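S.K.: The following file, upload_36.pdb, comprises PDB, C-alpha atoms and all ligand atoms:
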ATOM      1  CA  MET C  49     -10.913  13.196   7.342  1.00  0.00           C
ATOM      2  CA  VAL C  50     -13.098  11.238   4.927  1.00  0.00           C
ATOM      3  CA  ASN C  51     -16.447  10.175   6.373  1.00  0.00           C
ATOM      4  CA  GLY C  52     -16.193   6.782   8.074  1.00  0.00           C
ATOM      5  CA  VAL C  53     -12.368   6.916   8.230  1.00  0.00           C
ATOM      6  CA  HIS C  54     -10.504   7.180  11.532  1.00  0.00           C
ATOM      7  CA  LYS C  55      -6.962   6.958  12.803  1.00  0.00           C
ATOM      8  CA  ILE C  56      -5.561   4.130  14.891  1.00  0.00           C
ATOM      9  CA  THR C  57      -2.229   4.268  16.698  1.00  0.00           C
ATOM     10  CA  ARG C  58       0.931   2.599  15.449  1.00  0.00           C
ATOM     11  CA  GLU C  59       0.727   0.293  18.480  1.00  0.00           C
ATOM     12  CA  GLU C  60      -2.833  -0.756  17.621  1.00  0.00           C
ATOM     13  CA  ALA C  61      -1.849  -1.372  13.988  1.00  0.00           C
ATOM     14  CA  ILE C  62       1.076  -3.552  15.070  1.00  0.00           C
ATOM     15  CA  ALA C  63      -1.166  -5.418  17.524  1.00  0.00           C
ATOM     16  CA  ARG C  64      -3.678  -6.110  14.734  1.00  0.00           C
ATOM     17  CA  LEU C  65      -0.945  -7.418  12.455  1.00  0.00           C
ATOM     18  CA  GLU C  66       0.352  -9.636  15.241  1.00  0.00           C
ATOM     19  CA  ARG C  67      -3.121 -11.138  15.746  1.00  0.00           C
ATOM     20  CA  GLU C  68      -3.150 -12.316  12.135  1.00  0.00           C
ATOM     21  CA  PRO C  69      -1.945 -15.824  11.276  1.00  0.00           C
ATOM     22  CA  ILE C  70       1.825 -16.127  11.017  1.00  0.00           C
ATOM     23  CA  VAL C  71       2.827 -16.578   7.410  1.00  0.00           C
ATOM     24  CA  ALA C  72       6.194 -16.847   5.719  1.00  0.00           C
ATOM     25  CA  CYS C  73       5.528 -13.673   3.767  1.00  0.00           C
ATOM     26  CA  ARG C  74       2.624 -11.338   4.413  1.00  0.00           C
ATOM     27  CA  LEU C  75       2.616  -9.916   0.884  1.00  0.00           C
ATOM     28  CA  CYS C  76       2.669 -13.375  -0.712  1.00  0.00           C
ATOM     29  CA  ALA C  77      -0.261 -14.283   1.575  1.00  0.00           C
ATOM     30  CA  ILE C  78      -2.186 -11.175   0.486  1.00  0.00           C
ATOM     31  CA  LEU C  79      -1.599 -12.056  -3.162  1.00  0.00           C
ATOM     32  CA  ASP C  80      -2.857 -15.581  -2.470  1.00  0.00           C
ATOM     33  CA  THR C  81      -6.111 -14.419  -0.887  1.00  0.00           C
ATOM     34  CA  ARG C  82      -6.661 -11.808  -3.641  1.00  0.00           C
ATOM     35  CA  ASP C  83      -9.273 -10.008  -1.545  1.00  0.00           C
ATOM     36  CA  GLN C  84      -7.600  -6.600  -1.735  1.00  0.00           C
ATOM     37  CA  VAL C  85      -6.563  -6.770  -5.380  1.00  0.00           C
ATOM     38  CA  LEU C  86      -7.537  -3.657  -7.313  1.00  0.00           C
ATOM     39  CA  ALA C  87      -5.820  -4.508 -10.591  1.00  0.00           C
ATOM     40  CA  GLU C  88      -3.329  -6.996 -11.874  1.00  0.00           C
ATOM     41  CA  ALA C  89      -0.935  -7.690 -14.689  1.00  0.00           C
ATOM     42  CA  GLU C  90       0.812 -10.953 -15.490  1.00  0.00           C
ATOM     43  CA  LEU C  91       3.731 -10.380 -13.132  1.00  0.00           C
ATOM     44  CA  ALA C  92       2.439  -7.876 -10.542  1.00  0.00           C
ATOM     45  CA  SER C  93      -0.744  -6.758  -8.780  1.00  0.00           C
ATOM     46  CA  VAL C  94      -2.062  -3.614  -7.101  1.00  0.00           C
ATOM     47  CA  ILE C  95      -3.752  -3.856  -3.714  1.00  0.00           C
ATOM     48  CA  VAL C  96      -5.478  -1.350  -1.460  1.00  0.00           C
ATOM     49  CA  SER C  97      -3.389  -1.017   1.704  1.00  0.00           C
ATOM     50  CA  ARG C  98      -5.252  -2.171   4.828  1.00  0.00           C
ATOM     51  CA  PHE C  99      -2.914  -0.101   7.001  1.00  0.00           C
ATOM     52  CA  PRO C 100      -2.693   3.124   5.005  1.00  0.00           C
ATOM     53  CA  VAL C 101      -0.738   6.117   6.255  1.00  0.00           C
ATOM     54  CA  ARG C 102      -2.949   8.194   3.965  1.00  0.00           C
ATOM     55  CA  TRP C 103      -6.441   7.293   2.784  1.00  0.00           C
ATOM     56  CA  GLY C 104      -6.279   5.602  -0.606  1.00  0.00           C
ATOM     57  CA  GLN C 105      -2.713   4.291  -0.295  1.00  0.00           C
ATOM     58  CA  LEU C 106      -2.060   1.551  -2.842  1.00  0.00           C
ATOM     59  CA  ILE C 107       0.697  -1.067  -2.954  1.00  0.00           C
ATOM     60  CA  VAL C 108       2.109  -2.639  -6.114  1.00  0.00           C
ATOM     61  CA  ILE C 109       3.551  -6.101  -5.543  1.00  0.00           C
ATOM     62  CA  PRO C 110       5.511  -8.267  -7.984  1.00  0.00           C
ATOM     63  CA  HIS C 111       3.981 -11.751  -7.916  1.00  0.00           C
ATOM     64  CA  ALA C 112       7.310 -13.541  -7.473  1.00  0.00           C
ATOM     65  CA  HIS C 113       8.729 -13.335  -3.955  1.00  0.00           C
ATOM     66  CA  VAL C 114      11.767 -11.109  -4.501  1.00  0.00           C
ATOM     67  CA  GLU C 115      13.583  -9.138  -1.842  1.00  0.00           C
ATOM     68  CA  ARG C 116      16.144  -7.075  -3.732  1.00  0.00           C
ATOM     69  CA  PHE C 117      16.163  -5.142  -6.976  1.00  0.00           C
ATOM     70  CA  SER C 118      18.934  -7.410  -8.240  1.00  0.00           C
ATOM     71  CA  GLU C 119      16.462 -10.339  -7.969  1.00  0.00           C
ATOM     72  CA  VAL C 120      13.617  -8.701  -9.901  1.00  0.00           C
ATOM     73  CA  SER C 121      13.314  -9.586 -13.559  1.00  0.00           C
ATOM     74  CA  PRO C 122      13.339  -6.521 -15.834  1.00  0.00           C
ATOM     75  CA  LEU C 123       9.923  -7.537 -17.146  1.00  0.00           C
ATOM     76  CA  ALA C 124       8.447  -7.843 -13.624  1.00  0.00           C
ATOM     77  CA  TRP C 125       9.861  -4.417 -12.714  1.00  0.00           C
ATOM     78  CA  ALA C 126       8.471  -2.930 -15.938  1.00  0.00           C
ATOM     79  CA  GLU C 127       4.998  -4.231 -15.060  1.00  0.00           C
ATOM     80  CA  THR C 128       5.355  -3.088 -11.450  1.00  0.00           C
ATOM     81  CA  SER C 129       6.366   0.386 -12.612  1.00  0.00           C
ATOM     82  CA  MET C 130       3.529   0.549 -15.136  1.00  0.00           C
ATOM     83  CA  LEU C 131       1.010  -0.424 -12.454  1.00  0.00           C
ATOM     84  CA  ALA C 132       2.485   2.185 -10.068  1.00  0.00           C
ATOM     85  CA  PHE C 133       2.159   4.789 -12.810  1.00  0.00           C
ATOM     86  CA  ARG C 134      -1.480   3.845 -13.403  1.00  0.00           C
ATOM     87  CA  ALA C 135      -2.164   3.693  -9.657  1.00  0.00           C
ATOM     88  CA  ALA C 136      -0.788   7.218  -9.212  1.00  0.00           C
ATOM     89  CA  SER C 137      -2.864   8.458 -12.145  1.00  0.00           C
ATOM     90  CA  VAL C 138      -6.019   6.890 -10.693  1.00  0.00           C
ATOM     91  CA  ILE C 139      -5.287   8.359  -7.249  1.00  0.00           C
ATOM     92  CA  GLU C 140      -4.865  11.813  -8.818  1.00  0.00           C
ATOM     93  CA  ARG C 141      -8.210  11.524 -10.580  1.00  0.00           C
ATOM     94  CA  VAL C 142     -10.170  10.063  -7.666  1.00  0.00           C
ATOM     95  CA  LEU C 143      -8.622  11.734  -4.610  1.00  0.00           C
ATOM     96  CA  SER C 144      -7.099  14.944  -6.037  1.00  0.00           C
ATOM     97  CA  PRO C 145      -4.045  14.994  -3.747  1.00  0.00           C
ATOM     98  CA  SER C 146      -1.508  17.802  -3.947  1.00  0.00           C
ATOM     99  CA  ARG C 147       1.253  15.180  -4.271  1.00  0.00           C
ATOM    100  CA  CYS C 148       1.411  11.478  -4.940  1.00  0.00           C
ATOM    101  CA  TYR C 149       4.417   9.707  -3.433  1.00  0.00           C
ATOM    102  CA  VAL C 150       5.659   6.613  -5.261  1.00  0.00           C
ATOM    103  CA  ALA C 151       8.252   4.755  -3.237  1.00  0.00           C
ATOM    104  CA  SER C 152       9.827   1.349  -2.700  1.00  0.00           C
ATOM    105  CA  LEU C 153      10.699   1.359   0.990  1.00  0.00           C
ATOM    106  CA  GLY C 154      11.163  -2.261   1.967  1.00  0.00           C
ATOM    107  CA  THR C 155      14.290  -4.039   3.034  1.00  0.00           C
ATOM    108  CA  SER C 156      15.380  -7.653   2.840  1.00  0.00           C
ATOM    109  CA  GLU C 157      16.732  -7.252   6.398  1.00  0.00           C
ATOM    110  CA  ARG C 158      14.715  -9.277   8.897  1.00  0.00           C
ATOM    111  CA  GLY C 159      13.254  -7.835  12.053  1.00  0.00           C
ATOM    112  CA  VAL C 160      12.713  -4.307  10.784  1.00  0.00           C
ATOM    113  CA  PRO C 161       9.385  -3.131  12.247  1.00  0.00           C
ATOM    114  CA  MET C 162       6.594  -2.632   9.722  1.00  0.00           C
ATOM    115  CA  SER C 163       8.774  -3.382   6.754  1.00  0.00           C
ATOM    116  CA  PHE C 164       8.084  -6.349   4.523  1.00  0.00           C
ATOM    117  CA  PRO C 165      11.014  -8.115   2.858  1.00  0.00           C
ATOM    118  CA  HIS C 166       8.946  -8.768  -0.315  1.00  0.00           C
ATOM    119  CA  LEU C 167       9.842  -5.903  -2.645  1.00  0.00           C
ATOM    120  CA  HIS C 168       6.897  -3.580  -3.329  1.00  0.00           C
ATOM    121  CA  VAL C 169       6.031  -0.020  -4.307  1.00  0.00           C
ATOM    122  CA  ASN C 170       3.817   2.285  -2.222  1.00  0.00           C
ATOM    123  CA  VAL C 171       1.636   4.829  -4.010  1.00  0.00           C
ATOM    124  CA  ILE C 172       0.452   7.384  -1.455  1.00  0.00           C
ATOM    125  CA  PRO C 173      -1.816  10.415  -1.910  1.00  0.00           C
ATOM    126  CA  VAL C 174      -0.606  13.419   0.107  1.00  0.00           C
ATOM    127  CA  HIS C 175      -3.022  16.302   0.581  1.00  0.00           C
ATOM    128  CA  ASP C 176      -0.918  18.727   2.601  1.00  0.00           C
ATOM    129  CA  PRO C 177       1.713  20.062   0.171  1.00  0.00           C
ATOM    130  CA  SER C 178       4.035  21.013   3.035  1.00  0.00           C
ATOM    131  CA  GLU C 179       4.305  17.428   4.331  1.00  0.00           C
ATOM    132  CA  ARG C 180       7.733  15.896   3.839  1.00  0.00           C
ATOM    133  CA  PRO C 181       8.399  12.182   3.157  1.00  0.00           C
ATOM    134  CA  ARG C 182       9.631  11.549   6.718  1.00  0.00           C
ATOM    135  CA  GLU C 183       6.265  12.697   8.092  1.00  0.00           C
ATOM    136  CA  VAL C 184       4.265  10.569   5.644  1.00  0.00           C
ATOM    137  CA  LEU C 185       6.304   7.386   5.217  1.00  0.00           C
ATOM    138  CA  THR C 186       6.017   6.214   8.814  1.00  0.00           C
ATOM    139  CA  TRP C 187       3.549   4.598  11.202  1.00  0.00           C
ATOM    140  CA  GLN C 188       4.702   6.901  14.008  1.00  0.00           C
ATOM    141  CA  HIS C 189       1.654   9.151  13.608  1.00  0.00           C
ATOM    142  CA  GLY C 190      -0.745   6.202  13.358  1.00  0.00           C
ATOM    143  CA  VAL C 191      -2.446   4.581  10.384  1.00  0.00           C
ATOM    144  CA  LEU C 192      -5.988   4.794   9.068  1.00  0.00           C
ATOM    145  CA  ASP C 193      -8.898   2.440   9.400  1.00  0.00           C
ATOM    146  CA  ALA C 194     -12.513   2.840   8.346  1.00  0.00           C
ATOM    147  CA  ASP C 195     -15.926   1.319   8.666  1.00  0.00           C
ATOM    148  CA  PRO C 196     -16.782  -1.320   6.035  1.00  0.00           C
ATOM    149  CA  ALA C 197     -18.879   1.089   3.960  1.00  0.00           C
ATOM    150  CA  ALA C 198     -16.014   3.564   3.667  1.00  0.00           C
ATOM    151  CA  TRP C 199     -13.578   0.802   2.639  1.00  0.00           C
ATOM    152  CA  ARG C 200     -16.065  -0.409   0.033  1.00  0.00           C
ATOM    153  CA  ALA C 201     -16.686   3.095  -1.302  1.00  0.00           C
ATOM    154  CA  LEU C 202     -12.943   3.700  -1.653  1.00  0.00           C
ATOM    155  CA  TYR C 203     -12.396   0.399  -3.436  1.00  0.00           C
ATOM    156  CA  ASP C 204     -15.318   0.999  -5.794  1.00  0.00           C
ATOM    157  CA  ARG C 205     -14.207   4.532  -6.698  1.00  0.00           C
ATOM    158  CA  LEU C 206     -10.659   3.407  -7.416  1.00  0.00           C
ATOM    159  CA  ARG C 207     -11.862   0.365  -9.338  1.00  0.00           C
ATOM    160  CA  ASP C 208     -14.225   2.444 -11.491  1.00  0.00           C
ATOM    161  CA  ALA C 209     -11.467   4.930 -12.248  1.00  0.00           C
ATOM    162  CA  TRP C 210      -9.031   2.147 -13.124  1.00  0.00           C
ATOM    163  CA  GLY C 211     -11.264   1.172 -16.047  1.00  0.00           C
TER     164      GLY C 211
HETATM  165 ZN    ZN N 301       6.571 -12.689  -0.585  1.00  0.00          ZN
END
What would you get if you wrote out this structure as structure tokens?
Ligand SMILES: [Zn+2]

M.R.:
Amino acid sequence: MVNGVHKITREEAIARLEREPIVACRLCAILDTRDQVLAEAELASVIVSRFPVRWGQLIVIPHAHVERFSEVSPLAWAETSMLAFRAASVIERVLSPSRCYVASLGTSERGVPMSFPHLHVNVIPVHDPSERPREVLTWQHGVLDADPAAWRALYDRLRDAWG
């Protein structure tokens, strides 16, 4: 584990989310506050996940609130894909994972635990090459948190590498 980084349980992560103000869309709210934005294009932004399943997980979010691929403009998807490509490249350079998962996992269905209806793409560094997607793409094994210095160091390293 990276210095200053520790695991919290799925239940603790859910409890933390539930203590946050209720908003119509959590990803729209994150885009509004801009405090986790690592990089942005005209139609999409990249943020550092605050509830990462692996340290350094990034999320690419189209700016428009869209819930299905059929609602995404081709241009917004092109920018989202380009940012995901750059995010994966930066993760490879900074964190040297053995794999980098790039996945859109959300659903427009309401009431699905830990799934946001706002379409987005996760970019996740995976260090154990034997780990399968079902072991990584879940909160069942907990999520990561860190002390402020470790969060800052991660952000700075990724930001420097982004260029
Ligand atoms: Zn939204």

S.K.: Between C:Thr81, C:Gln105, C:Ser163, C:Gln188, which residue has the minimum interatomic distance to Leu143 of chain C, considering all atoms listed in the file?

M.R.: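 For Leu143 of chain C, the nearest of the candidates is C:Gln105.
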
S.K.: Quick one, how far is atom CA of Ala87 of chain C from atom CA of Asp204 of chain C?

M.R.: 12.0 Å

S.K.: Kindly work out which residues sit at most 12 Å from ligand ZN 301 (chain N), using all atoms listed in the file, and give the list as a list in words.

M.R.: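 The distance check yields Val71, Ala72, Cys73, Arg74, Leu75, Cys76, Ala77, Ile78, Leu79, Asp80, Ala92, Ile109, Pro110, His111, Ala112, His113, Val114, Glu115, Arg116, Gly154, Ser156, Phe164, Pro165, His166, Leu167 and His168 of chain C.
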
S.K.: Could you give me, as a PyMOL selection string, the residues within 8 Å of Ile139 of chain C, counting only C-alpha atoms and dropping anything in the same chain fewer than 5 positions from it?

M.R.: chain C and resi 104+144-145+148+173+206

S.K.: For Val150 of chain C, please output as a PDB file with C-alpha atoms, in the coordinates of the input all residues within 12 Å (counting only C-alpha atoms; exclusion window: fewer than 4 positions along the same chain).

M.R.:
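Result saved to selection18.pdb:
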ATOM      1  CA  GLN C 105      -2.713   4.291  -0.295  1.00  0.00           C
ATOM      2  CA  LEU C 106      -2.060   1.551  -2.842  1.00  0.00           C
ATOM      3  CA  ILE C 107       0.697  -1.067  -2.954  1.00  0.00           C
ATOM      4  CA  VAL C 108       2.109  -2.639  -6.114  1.00  0.00           C
ATOM      5  CA  THR C 128       5.355  -3.088 -11.450  1.00  0.00           C
ATOM      6  CA  SER C 129       6.366   0.386 -12.612  1.00  0.00           C
ATOM      7  CA  MET C 130       3.529   0.549 -15.136  1.00  0.00           C
ATOM      8  CA  LEU C 131       1.010  -0.424 -12.454  1.00  0.00           C
ATOM      9  CA  ALA C 132       2.485   2.185 -10.068  1.00  0.00           C
ATOM     10  CA  PHE C 133       2.159   4.789 -12.810  1.00  0.00           C
ATOM     11  CA  ARG C 134      -1.480   3.845 -13.403  1.00  0.00           C
ATOM     12  CA  ALA C 135      -2.164   3.693  -9.657  1.00  0.00           C
ATOM     13  CA  ALA C 136      -0.788   7.218  -9.212  1.00  0.00           C
ATOM     14  CA  SER C 137      -2.864   8.458 -12.145  1.00  0.00           C
ATOM     15  CA  ILE C 139      -5.287   8.359  -7.249  1.00  0.00           C
ATOM     16  CA  HIS C 168       6.897  -3.580  -3.329  1.00  0.00           C
ATOM     17  CA  VAL C 169       6.031  -0.020  -4.307  1.00  0.00           C
ATOM     18  CA  ASN C 170       3.817   2.285  -2.222  1.00  0.00           C
ATOM     19  CA  VAL C 171       1.636   4.829  -4.010  1.00  0.00           C
ATOM     20  CA  ILE C 172       0.452   7.384  -1.455  1.00  0.00           C
ATOM     21  CA  PRO C 173      -1.816  10.415  -1.910  1.00  0.00           C
ATOM     22  CA  VAL C 174      -0.606  13.419   0.107  1.00  0.00           C
ATOM     23  CA  PRO C 181       8.399  12.182   3.157  1.00  0.00           C
ATOM     24  CA  VAL C 184       4.265  10.569   5.644  1.00  0.00           C
ATOM     25  CA  LEU C 185       6.304   7.386   5.217  1.00  0.00           C
TER      26      LEU C 185
END

S.K.: Tell me, in Å to one decimal, how far atom CA of Thr186 of chain C is from atom CA of Glu119 of chain C.

M.R.: 25.8 Å

S.K.: List as a VMD selection string: which residues have an atom within 8 Å of (-1.8, 6.0, 11.1), counting only C-alpha atoms?

M.R.: chain C and resid 55 to 58 61 99 to 102 187 to 192

S.K.: Determine the nearest neighbour of Arg82 of chain C from the options C:Leu123, C:Val50, C:Ile70, C:Val96, counting only C-alpha atoms.

M.R.: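 Under the stated criterion, the closest residue is C:Val96.
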
S.K.: Mind pulling up the distance from atom CA of Ser93 of chain C to atom CA of Tyr203 of chain C?

M.R.: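 Going from atom CA of Tyr203 of chain C over to atom CA of Ser93 of chain C, I get 14.7 Å.
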
S.K.: Could you check which of C:Leu202, C:His175, C:Arg98, C:Asp208 is closest to Leu65 of chain C, using only C-alpha atoms?

M.R.: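 The answer is C:Arg98, which sits nearest to Leu65 of chain C.
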
S.K.: So, counting all atoms listed in the file, which residue among C:Asp193, C:Pro177, C:Ser146, C:Leu86 is closest to Arg207 of chain C?

M.R.: C:Leu86

S.K.: I'd like to know which of C:Val85, C:Val142, C:Leu153, C:Ala124 is closest to Ala209 of chain C, using all atoms listed in the file.

M.R.: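 For Ala209 of chain C, the nearest of the candidates is C:Val142.
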
S.K.: Tell me which of C:Val94, C:Met49, C:Ala197, C:Ala151 sits closest to Trp210 of chain C, counting only C-alpha atoms.

M.R.: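 Checking each of C:Val94, C:Met49, C:Ala197, C:Ala151 against Trp210 of chain C, counting only C-alpha atoms, the winner is C:Val94.
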
S.K.: Which residues, written as an mmCIF file with C-alpha atoms, in the frame of the given file, have at least one atom at most 9 Å from Gly52 of chain C, with all atoms listed in the file counted and residues fewer than 6 positions away on the same chain left out?

M.R.:
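Saved result, out-v4.cif, follows:
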data_model
loop_
_atom_site.group_PDB
_atom_site.id
_atom_site.type_symbol
_atom_site.label_atom_id
_atom_site.label_comp_id
_atom_site.auth_asym_id
_atom_site.auth_seq_id
_atom_site.Cartn_x
_atom_site.Cartn_y
_atom_site.Cartn_z
ATOM 1 C CA ASP C 193 -8.898 2.440 9.400
ATOM 2 C CA ALA C 194 -12.513 2.840 8.346
ATOM 3 C CA ASP C 195 -15.926 1.319 8.666
ATOM 4 C CA PRO C 196 -16.782 -1.320 6.035
ATOM 5 C CA ALA C 197 -18.879 1.089 3.960
ATOM 6 C CA ALA C 198 -16.014 3.564 3.667
ATOM 7 C CA TRP C 199 -13.578 0.802 2.639
#

S.K.: Please rebuild segment 74-96 of chain C with N, CA, C and O atoms and give the result as a JSON list (two decimals), in the frame of the given file.

M.R.:
[["chain", "number", "residue", "atom", "x", "y", "z"],
["C", 74, "ARG", "N", 3.94, -11.95, 4.36],
["C", 74, "ARG", "CA", 2.62, -11.34, 4.41],
["C", 74, "ARG", "C", 2.14, -10.89, 3.03],
["C", 74, "ARG", "O", 0.95, -10.99, 2.70],
["C", 75, "LEU", "N", 3.05, -10.40, 2.20],
["C", 75, "LEU", "CA", 2.62, -9.92, 0.88],
["C", 75, "LEU", "C", 2.28, -11.10, -0.03],
["C", 75, "LEU", "O", 1.32, -11.02, -0.81],
["C", 76, "CYS", "N", 3.04, -12.17, 0.05],
["C", 76, "CYS", "CA", 2.67, -13.38, -0.71],
["C", 76, "CYS", "C", 1.29, -13.87, -0.26],
["C", 76, "CYS", "O", 0.47, -14.28, -1.09],
["C", 77, "ALA", "N", 1.03, -13.83, 1.06],
["C", 77, "ALA", "CA", -0.26, -14.28, 1.58],
["C", 77, "ALA", "C", -1.39, -13.40, 1.06],
["C", 77, "ALA", "O", -2.47, -13.89, 0.70],
["C", 78, "ILE", "N", -1.16, -12.09, 1.01],
["C", 78, "ILE", "CA", -2.19, -11.18, 0.49],
["C", 78, "ILE", "C", -2.46, -11.48, -0.98],
["C", 78, "ILE", "O", -3.61, -11.52, -1.42],
["C", 79, "LEU", "N", -1.40, -11.73, -1.74],
["C", 79, "LEU", "CA", -1.60, -12.06, -3.16],
["C", 79, "LEU", "C", -2.38, -13.35, -3.31],
["C", 79, "LEU", "O", -3.22, -13.48, -4.20],
["C", 80, "ASP", "N", -2.14, -14.30, -2.41],
["C", 80, "ASP", "CA", -2.86, -15.58, -2.47],
["C", 80, "ASP", "C", -4.35, -15.40, -2.21],
["C", 80, "ASP", "O", -5.18, -16.00, -2.88],
["C", 81, "THR", "N", -4.69, -14.55, -1.22],
["C", 81, "THR", "CA", -6.11, -14.42, -0.89],
["C", 81, "THR", "C", -6.84, -13.57, -1.92],
["C", 81, "THR", "O", -8.03, -13.75, -2.14],
["C", 82, "ARG", "N", -6.13, -12.62, -2.55],
["C", 82, "ARG", "CA", -6.66, -11.81, -3.64],
["C", 82, "ARG", "C", -7.78, -10.86, -3.21],
["C", 82, "ARG", "O", -8.36, -10.19, -4.05],
["C", 83, "ASP", "N", -8.08, -10.78, -1.91],
["C", 83, "ASP", "CA", -9.27, -10.01, -1.54],
["C", 83, "ASP", "C", -9.05, -8.50, -1.53],
["C", 83, "ASP", "O", -9.99, -7.75, -1.37],
["C", 84, "GLN", "N", -7.83, -8.03, -1.67],
["C", 84, "GLN", "CA", -7.60, -6.60, -1.74],
["C", 84, "GLN", "C", -7.12, -6.17, -3.11],
["C", 84, "GLN", "O", -6.69, -5.03, -3.29],
["C", 85, "VAL", "N", -7.15, -7.09, -4.08],
["C", 85, "VAL", "CA", -6.56, -6.77, -5.38],
["C", 85, "VAL", "C", -7.44, -5.79, -6.15],
["C", 85, "VAL", "O", -8.63, -6.03, -6.36],
["C", 86, "LEU", "N", -6.83, -4.68, -6.54],
["C", 86, "LEU", "CA", -7.54, -3.66, -7.31],
["C", 86, "LEU", "C", -7.34, -3.88, -8.81],
["C", 86, "LEU", "O", -8.25, -3.66, -9.60],
["C", 87, "ALA", "N", -6.13, -4.29, -9.18],
["C", 87, "ALA", "CA", -5.82, -4.51, -10.59],
["C", 87, "ALA", "C", -4.63, -5.44, -10.66],
["C", 87, "ALA", "O", -3.85, -5.55, -9.70],
["C", 88, "GLU", "N", -4.48, -6.11, -11.77],
["C", 88, "GLU", "CA", -3.33, -7.00, -11.87],
["C", 88, "GLU", "C", -2.84, -7.10, -13.30],
["C", 88, "GLU", "O", -3.60, -6.93, -14.25],
["C", 89, "ALA", "N", -1.56, -7.37, -13.41],
["C", 89, "ALA", "CA", -0.94, -7.69, -14.69],
["C", 89, "ALA", "C", -0.41, -9.11, -14.55],
["C", 89, "ALA", "O", -0.69, -9.80, -13.57],
["C", 90, "GLU", "N", 0.35, -9.57, -15.55],
["C", 90, "GLU", "CA", 0.81, -10.95, -15.49],
["C", 90, "GLU", "C", 1.79, -11.17, -14.34],
["C", 90, "GLU", "O", 1.77, -12.22, -13.69],
["C", 91, "LEU", "N", 2.63, -10.17, -14.07],
["C", 91, "LEU", "CA", 3.73, -10.38, -13.13],
["C", 91, "LEU", "C", 3.63, -9.54, -11.86],
["C", 91, "LEU", "O", 4.50, -9.62, -10.99],
["C", 92, "ALA", "N", 2.58, -8.74, -11.73],
["C", 92, "ALA", "CA", 2.44, -7.88, -10.54],
["C", 92, "ALA", "C", 0.97, -7.51, -10.35],
["C", 92, "ALA", "O", 0.19, -7.55, -11.30],
["C", 93, "SER", "N", 0.63, -7.16, -9.10],
["C", 93, "SER", "CA", -0.74, -6.76, -8.78],
["C", 93, "SER", "C", -0.73, -5.50, -7.92],
["C", 93, "SER", "O", 0.26, -5.19, -7.26],
["C", 94, "VAL", "N", -1.87, -4.80, -7.93],
["C", 94, "VAL", "CA", -2.06, -3.61, -7.10],
["C", 94, "VAL", "C", -3.10, -3.96, -6.04],
["C", 94, "VAL", "O", -4.17, -4.48, -6.36],
["C", 95, "ILE", "N", -2.78, -3.65, -4.78],
["C", 95, "ILE", "CA", -3.75, -3.86, -3.71],
["C", 95, "ILE", "C", -4.01, -2.53, -2.99],
["C", 95, "ILE", "O", -3.20, -1.61, -3.04],
["C", 96, "VAL", "N", -5.16, -2.48, -2.33],
["C", 96, "VAL", "CA", -5.48, -1.35, -1.46],
["C", 96, "VAL", "C", -4.88, -1.67, -0.09],
["C", 96, "VAL", "O", -5.17, -2.71, 0.49]]
